[in-house]
2 protein chains.
Amino acid sequence: MQIQLVINILGFLLIFLAGSMLLPIPFSIYYGDGDYLYFLISAFITFVIGLISFKLTRRERDVRAREGFAIVTLGWTSFSIFGCLPFIFSGTIPGVTDAFFETMSGFTTTGATILNDIEQLPHGLLFWRSLTHWMGGMGIIVLSLAILPLLGVGGMQLFKAEVPGPVPDKLTPRVTETAKILWGVYVLISALETILLMFGGMNLFEALCHTFGTMATGGFSTRNASIGYYDNAYIQYVIIFFMLVAGTNFSLHFRFLKREIGAYHRNKEFLFFIGLVAGATILIGIDTMIGHFDQWETALRNTLFQVVSILTTTGYGTADYEQWSFSSQYVLFLLMFIGGCAGSTGGGMKVIRLYILIQFVRMEVKRLLHPSAVIPVRVGTHVIPREIVTHVIGFLALMVGLFITGVFLMTLLGLDLVSALGAVAASLGNIGPGLGSVGPTDNYAHIPVAGKWILTFFMLAGRLEIYTVLILFAPSFWKK
Amino acid sequence: MQIQLVINILGFLLIFLAGSMLLPIPFSIYYGDGDYLYFLISAFITFVIGLISFKLTRRERDVRAREGFAIVTLGWTSFSIFGCLPFIFSGTIPGVTDAFFETMSGFTTTGATILNDIEQLPHGLLFWRSLTHWMGGMGIIVLSLAILPLLGVGGMQLFKAEVPGPVPDKLTPRVTETAKILWGVYVLISALETILLMFGGMNLFEALCHTFGTMATGGFSTRNASIGYYDNAYIQYVIIFFMLVAGTNFSLHFRFLKREIGAYHRNKEFLFFIGLVAGATILIGIDTMIGHFDQWETALRNTLFQVVSILTTTGYGTADYEQWSFSSQYVLFLLMFIGGCAGSTGGGMKVIRLYILIQFVRMEVKRLLHPSAVIPVRVGTHVIPREIVTHVIGFLALMVGLFITGVFLMTLLGLDLVSALGAVAASLGNIGPGLGSVGPTDNYAHIPVAGKWILTFFMLAGRLEIYTVLILFAPSFWKK
């Protein structure tokens, strides 16, 4: 492990973070909330520490897999440590635990909040809160499409072969090129959503904040009632559409923008993702149409919104789904584990892994009927090598193991079973709202301090494909 | 598929069932409850139908895998259909759904009941109810140690290699020989438990019924308060010991009786099983010692009893664990999925599969650190072939899929999330009592009719290693 190299790159990233801390200042000044000073102080501290780390260390060699893992995990962690400074300095979130929780929830695009009254926050801090989402989403796209495939994490190398898009062969220098292309797509779509939301009546501030929350599949809103505040079908449909866009592999968007007709409908994962949305909407829609909404359009819109919001791991809400039937709540709970497509900003296990798992089980059942037949696992016409299937399953088993452990720890802290299941699923899947005492109308303020730190860890592990984080705990990882 | 052959063997089995229906008659006459007539009628009907099926069909060829699957699943089903006749004829359980549920719960050694007042039943019927357990347990030992390994179900062929005990190479005729040896062990241990329970003050009737429930890891009691009725530390320890014995691979008992010293402590699965008991007892014991019992011995005994009862999938109770902390309830809930050792009468996924899964995940994490190393999955010094690991994982994935589907169906019928999770886990794992409205002080009477049939299916699927049942739904299975 080249510690110097890791610190060097982390320093560089902190300088970038310091720069981003200046972005909320125009809004702070425009709305006259007077919170711009806290951003200046935070940016200064972050910049100085970043610069020192950068200047006092050297890059002797190229980044290998080990350094890659360390940079990613420590990068997200240090962004959350320095990113929470404006909350602490301004006193809007006085406790370190709460401020760190909120910021990690932002950068991991989870969207779980400890704030009881979001609307009380000054505009600058609200903007910063949403911006952490957007930056987190940016990081994830590069991570999942450019870095992780090279590190061979949990079968993600599959997508290198599957998506012949802008995927590089070496970590440097082509990773920078790939990143630029993908960020271009990300910025372009974000601009489009902002404009469309402003057409619906949102001002620039609100439109930007909600675009950040949507495109990163984050879920932080500027309103206590989330998207339910905007009793406006147009705005809700726009957000549904862009949540779906954000939950889709960004390589597909890139190829579509390159005028490759059929980029979407030739992609098995995308089709399965849309199938999941349709299936869950029907399952829940029957319940909501009969029992909860007077008009079929309202029922369909609210159902579709909630399904897309949870499946893409965004976590925005328009209705209190805990009022719906147990079966509807259960379907939403299951969706929490699935998440978006690979190469999207969505969290969870990813649609492609579920797809491969289902194909694997089908293959195993077939084998019993035809013991001598060799039946491969396929995605479309593409045969998935056994190694990759094994890695995907290993990843899922580890995720289940982590989930089970997390729920145990939360029950140990006194949470009832439903709340514990909801809190861990919503953190590990980077969704935000869960079930029970952390449901869509509640928040995470009441969770004990230890529980908040545990959930922060789960957000990070879930966001960084688990292995990336866990591997740092292996002693042999740090050896020369 | 040789339908004639299947019907022929099922006919033979029904004749055996008819004979077993005469066993409760002595108790019926001794206690003067007057219910012996119903057993005579039921036995007569079962015998006639069995005889017709046996006489009108022929065995043309040997039993192949396909016929094996069909005989096992249809055998358990037909036993439950005919086995519920005494309940229906006597009017003690008037509804067909309830009578079938109770009998399937018996033969699958689940122990879930729809009876609100067990103690009201005549002695003959109580005896019959417990006897279904004992016969089910007998069937399972032969199935898991002699039949399934040959059919290659879900990695169970592993145990053929792992356990060089009385395991045959061909289904017939050596399966009969193996069966006789294992049944001898089963009868011997059962006799021992009966005697020890009588030393504790139980009469022959109660001792036999509770032995049947213990040895089959079933859980039907003759008392509403289950083992809690016997406020007697000796009896409770005896039952704890024999639940452990019943949850252990019967091949090990056979080898131990053959004076093979160290049969137990050289078996990795058994050691891991004991480790699970110890670990769960400690985790829960801290809670029960502090919060629920005055004396440490009472706390330890009640905790150990509940841990062993649920891990071995017996389902007997001495205390209402829903009064314990959420973390304790959650640990018990997790134990529901694990179950006993392979080759025991316990249900669940089996300890060996969990062990292999953990080894597999460890191997996958190691691989990430040392990408070029070839690290096999081991049980002790024994290297598990990749094929077997794949089958084990396929089995577990299918089990999870079935569990998820079952919970959805139960929530659709109006059960809350905790009750649905509990009911499906307790049925699929063949435990009996679950959580929520089907907890240890409740029963399954209130479950809607459709729900009872669904749970019956889950008991059967869980008991017969899932594949055995599901494969019957594949159209190609029935082709010539």
# chains A, B, ... in the order shown; residues from 1 in each chain; ligands from 1
$ closest_atom_pairs --of "chain A" --to "chain B" --cutoff "7 Å" --atoms "only C-alpha atoms" --output "Markdown table"
| residue | atom | partner | partner_atom | distance |
| --- | --- | --- | --- | --- |
| A:Phe326 | CA | B:Thr411 | CA | 5.4 |
| A:Ser327 | CA | B:Thr411 | CA | 4.6 |
| A:Tyr330 | CA | B:Phe408 | CA | 6.7 |
| A:Val361 | CA | B:Gly394 | CA | 5.6 |
| A:Glu364 | CA | B:Gly394 | CA | 6.2 |
| A:Leu369 | CA | B:Phe477 | CA | 6.8 |
| A:His391 | CA | B:Glu364 | CA | 7.0 |
| A:Gly394 | CA | B:Val361 | CA | 5.6 |
| A:Ala397 | CA | B:Val361 | CA | 6.9 |
| A:Leu398 | CA | B:Val361 | CA | 6.5 |
| A:Phe408 | CA | B:Ser327 | CA | 6.0 |
| A:Thr411 | CA | B:Ser327 | CA | 4.6 |
| A:Leu412 | CA | B:Ser327 | CA | 5.0 |
| A:Gly414 | CA | B:Phe326 | CA | 6.7 |
| A:Asp416 | CA | B:Phe326 | CA | 5.9 |
| A:Leu417 | CA | B:Phe326 | CA | 6.4 |
| A:Phe477 | CA | B:Leu369 | CA | 6.8 |
$ residues_around --residues "Thr211 of chain B" --least-positions-apart "4" --cutoff "7 Å" --atoms "only C-alpha atoms" --output "NGL selection string"
:B and (190 or 193-194 or 207 or 215)
$ write_last_selection --atoms "N, CA and C atoms" --output "short mmCIF file (atom, residue, chain, number, x, y, z; two decimals), in the first residue's frame"
data_model
loop_
_atom_site.label_atom_id
_atom_site.label_comp_id
_atom_site.auth_asym_id
_atom_site.auth_seq_id
_atom_site.Cartn_x
_atom_site.Cartn_y
_atom_site.Cartn_z
N SER B 190 -35.48 -42.93 20.97
CA SER B 190 -36.83 -42.57 21.39
C SER B 190 -37.22 -43.30 22.67
N GLU B 193 -35.52 -41.68 25.60
CA GLU B 193 -36.13 -40.43 26.04
C GLU B 193 -37.43 -40.69 26.81
N THR B 194 -38.24 -41.63 26.30
CA THR B 194 -39.51 -41.94 26.95
C THR B 194 -39.28 -42.35 28.41
N ALA B 207 -45.24 -39.08 28.09
CA ALA B 207 -43.83 -39.31 27.76
C ALA B 207 -43.68 -39.68 26.30
N MET B 215 -38.14 -36.11 19.15
CA MET B 215 -37.27 -36.85 18.24
C MET B 215 -37.48 -36.47 16.78
#
$ select_by_dssp --residues "segment 195-246 of chain A" --states "alpha helix (DSSP H)" --output "MDAnalysis selection string"
chainID A and resid 195:199 204:215 233:246
$ residues_around --residues "segment 430-441 of chain B" --least-positions-apart "3" --cutoff "6 Å" --atoms "only C-alpha atoms" --output "ChimeraX atom specification"
/B:110-112,313-315,320,347,418-419,422-423,426-427,459
$ atom_distance --atom1 "atom CA of Ile118 of chain B" --atom2 "atom CA of Val449 of chain B"
20.3 Å
$ atom_distance --atom1 "atom CA of Ile239 of chain B" --atom2 "atom CA of Gly285 of chain B"
18.8 Å
$ residues_around --residues "Phe457 of chain B" --least-positions-apart "2" --cutoff "12 Å" --atoms "only C-alpha atoms" --output "JSON, numbers by chain"
{"B": [73, 76, 77, 80, 100, 101, 104, 105, 108, 110, 402, 403, 406, 424, 427, 428, 429, 430, 450, 451, 452, 453, 454, 455, 459, 460, 461, 462, 463, 464, 466, 469, 470]}
$ residues_around --residues "Gly106 of chain B" --least-positions-apart "5" --cutoff "8 Å" --atoms "only C-alpha atoms" --output "PDB file with C-alpha atoms, in the first residue's frame"
ATOM      1  CA  GLY B 111     -45.758 -28.414  14.902  1.00  0.00           C
ATOM      2  CA  ARG B 129     -51.322 -36.070  16.380  1.00  0.00           C
ATOM      3  CA  SER B 130     -47.936 -36.705  18.002  1.00  0.00           C
ATOM      4  CA  LEU B 131     -47.473 -39.968  16.136  1.00  0.00           C
ATOM      5  CA  THR B 132     -47.682 -38.131  12.789  1.00  0.00           C
ATOM      6  CA  HIS B 133     -44.577 -36.244  13.921  1.00  0.00           C
ATOM      7  CA  GLY B 136     -42.591 -37.853   9.599  1.00  0.00           C
ATOM      8  CA  GLY B 218     -41.918 -31.534  15.644  1.00  0.00           C
ATOM      9  CA  PHE B 220     -46.843 -30.827  19.143  1.00  0.00           C
TER      10      PHE B 220
END
$ atom_distance --atom1 "atom CA of Phe27 of chain B" --atom2 "atom CA of Glu102 of chain B"
20.4 Å
$ residues_around --residues "Leu40 of chain B" --least-positions-apart "4" --cutoff "10 Å" --atoms "only C-alpha atoms" --output "list of chain:residue names"
B:Ala18, B:Gly19, B:Met21, B:Leu22, B:Ile25, B:Asp35, B:Tyr36, B:Phe44, B:Ile45, B:Thr46, B:Pro86
$ residues_around --residues "Ile141 of chain B" --least-positions-apart "2" --cutoff "9 Å" --atoms "only C-alpha atoms" --output "list in words"
Gly136, Gly137, Met138, Gly139, Leu143, Ser144, Leu145, Ala146, Ala179, Leu182, Trp183, Tyr186, Asn249, Phe250, Gly343, Ser344 and Thr345 of chain B
$ write_last_selection --atoms "N, CA, C and O atoms" --output "PDB file, in the first residue's frame"
ATOM      1  N   GLY B 136     -43.214 -38.836  10.499  1.00  0.00           N
ATOM      2  CA  GLY B 136     -42.591 -37.853   9.599  1.00  0.00           C
ATOM      3  C   GLY B 136     -41.085 -37.797   9.797  1.00  0.00           C
ATOM      4  O   GLY B 136     -40.316 -37.779   8.835  1.00  0.00           O
ATOM      5  N   GLY B 137     -40.672 -37.810  11.048  1.00  0.00           N
ATOM      6  CA  GLY B 137     -39.243 -37.781  11.362  1.00  0.00           C
ATOM      7  C   GLY B 137     -38.530 -39.006  10.823  1.00  0.00           C
ATOM      8  O   GLY B 137     -37.426 -38.919  10.268  1.00  0.00           O
ATOM      9  N   MET B 138     -39.176 -40.163  10.973  1.00  0.00           N
ATOM     10  CA  MET B 138     -38.651 -41.417  10.452  1.00  0.00           C
ATOM     11  C   MET B 138     -38.442 -41.314   8.935  1.00  0.00           C
ATOM     12  O   MET B 138     -37.414 -41.714   8.393  1.00  0.00           O
ATOM     13  N   GLY B 139     -39.455 -40.767   8.271  1.00  0.00           N
ATOM     14  CA  GLY B 139     -39.387 -40.608   6.815  1.00  0.00           C
ATOM     15  C   GLY B 139     -38.247 -39.690   6.409  1.00  0.00           C
ATOM     16  O   GLY B 139     -37.534 -39.955   5.429  1.00  0.00           O
ATOM     17  N   LEU B 143     -35.097 -40.225   3.968  1.00  0.00           N
ATOM     18  CA  LEU B 143     -35.063 -39.349   2.805  1.00  0.00           C
ATOM     19  C   LEU B 143     -33.718 -38.632   2.712  1.00  0.00           C
ATOM     20  O   LEU B 143     -33.081 -38.623   1.649  1.00  0.00           O
ATOM     21  N   SER B 144     -33.291 -38.038   3.830  1.00  0.00           N
ATOM     22  CA  SER B 144     -32.106 -37.179   3.744  1.00  0.00           C
ATOM     23  C   SER B 144     -30.818 -37.973   3.703  1.00  0.00           C
ATOM     24  O   SER B 144     -29.840 -37.528   3.131  1.00  0.00           O
ATOM     25  N   LEU B 145     -30.798 -39.165   4.316  1.00  0.00           N
ATOM     26  CA  LEU B 145     -29.540 -39.910   4.354  1.00  0.00           C
ATOM     27  C   LEU B 145     -29.457 -40.993   3.290  1.00  0.00           C
ATOM     28  O   LEU B 145     -28.366 -41.428   2.944  1.00  0.00           O
ATOM     29  N   ALA B 146     -30.605 -41.424   2.755  1.00  0.00           N
ATOM     30  CA  ALA B 146     -30.534 -42.527   1.795  1.00  0.00           C
ATOM     31  C   ALA B 146     -31.039 -42.142   0.414  1.00  0.00           C
ATOM     32  O   ALA B 146     -30.476 -42.555  -0.581  1.00  0.00           O
ATOM     33  N   ALA B 179     -32.279 -47.950   5.742  1.00  0.00           N
ATOM     34  CA  ALA B 179     -33.447 -47.483   6.474  1.00  0.00           C
ATOM     35  C   ALA B 179     -33.598 -48.239   7.779  1.00  0.00           C
ATOM     36  O   ALA B 179     -33.813 -47.637   8.842  1.00  0.00           O
ATOM     37  N   LEU B 182     -31.047 -47.068  10.400  1.00  0.00           N
ATOM     38  CA  LEU B 182     -31.323 -45.733  10.925  1.00  0.00           C
ATOM     39  C   LEU B 182     -32.565 -45.728  11.805  1.00  0.00           C
ATOM     40  O   LEU B 182     -32.613 -45.061  12.839  1.00  0.00           O
ATOM     41  N   TRP B 183     -33.571 -46.492  11.388  1.00  0.00           N
ATOM     42  CA  TRP B 183     -34.777 -46.562  12.200  1.00  0.00           C
ATOM     43  C   TRP B 183     -34.485 -47.219  13.538  1.00  0.00           C
ATOM     44  O   TRP B 183     -35.046 -46.843  14.564  1.00  0.00           O
ATOM     45  N   TYR B 186     -33.144 -44.596  15.676  1.00  0.00           N
ATOM     46  CA  TYR B 186     -34.243 -43.671  15.992  1.00  0.00           C
ATOM     47  C   TYR B 186     -35.137 -44.247  17.094  1.00  0.00           C
ATOM     48  O   TYR B 186     -35.469 -43.566  18.071  1.00  0.00           O
ATOM     49  N   ASN B 249     -26.945 -35.202  12.932  1.00  0.00           N
ATOM     50  CA  ASN B 249     -26.957 -36.225  11.889  1.00  0.00           C
ATOM     51  C   ASN B 249     -27.046 -37.619  12.517  1.00  0.00           C
ATOM     52  O   ASN B 249     -26.206 -37.980  13.347  1.00  0.00           O
ATOM     53  N   PHE B 250     -28.055 -38.382  12.104  1.00  0.00           N
ATOM     54  CA  PHE B 250     -28.236 -39.701  12.704  1.00  0.00           C
ATOM     55  C   PHE B 250     -27.126 -40.680  12.345  1.00  0.00           C
ATOM     56  O   PHE B 250     -26.929 -41.680  13.029  1.00  0.00           O
ATOM     57  N   GLY B 343     -29.209 -34.789   7.674  1.00  0.00           N
ATOM     58  CA  GLY B 343     -29.347 -36.144   8.172  1.00  0.00           C
ATOM     59  C   GLY B 343     -29.960 -36.221   9.555  1.00  0.00           C
ATOM     60  O   GLY B 343     -29.980 -37.269  10.175  1.00  0.00           O
ATOM     61  N   SER B 344     -30.475 -35.066  10.042  1.00  0.00           N
ATOM     62  CA  SER B 344     -31.220 -35.067  11.299  1.00  0.00           C
ATOM     63  C   SER B 344     -32.704 -34.981  10.950  1.00  0.00           C
ATOM     64  O   SER B 344     -33.068 -34.962   9.787  1.00  0.00           O
ATOM     65  N   THR B 345     -33.559 -34.908  11.974  1.00  0.00           N
ATOM     66  CA  THR B 345     -34.975 -34.714  11.675  1.00  0.00           C
ATOM     67  C   THR B 345     -35.318 -33.230  11.607  1.00  0.00           C
ATOM     68  O   THR B 345     -36.451 -32.863  11.332  1.00  0.00           O
TER      69      THR B 345
END
$ closest_residue --among "B:Ser90, B:Thr214, B:Ser42, B:Thr113" --to "Asp442 of chain B" --atoms "only C-alpha atoms"
B:Thr113
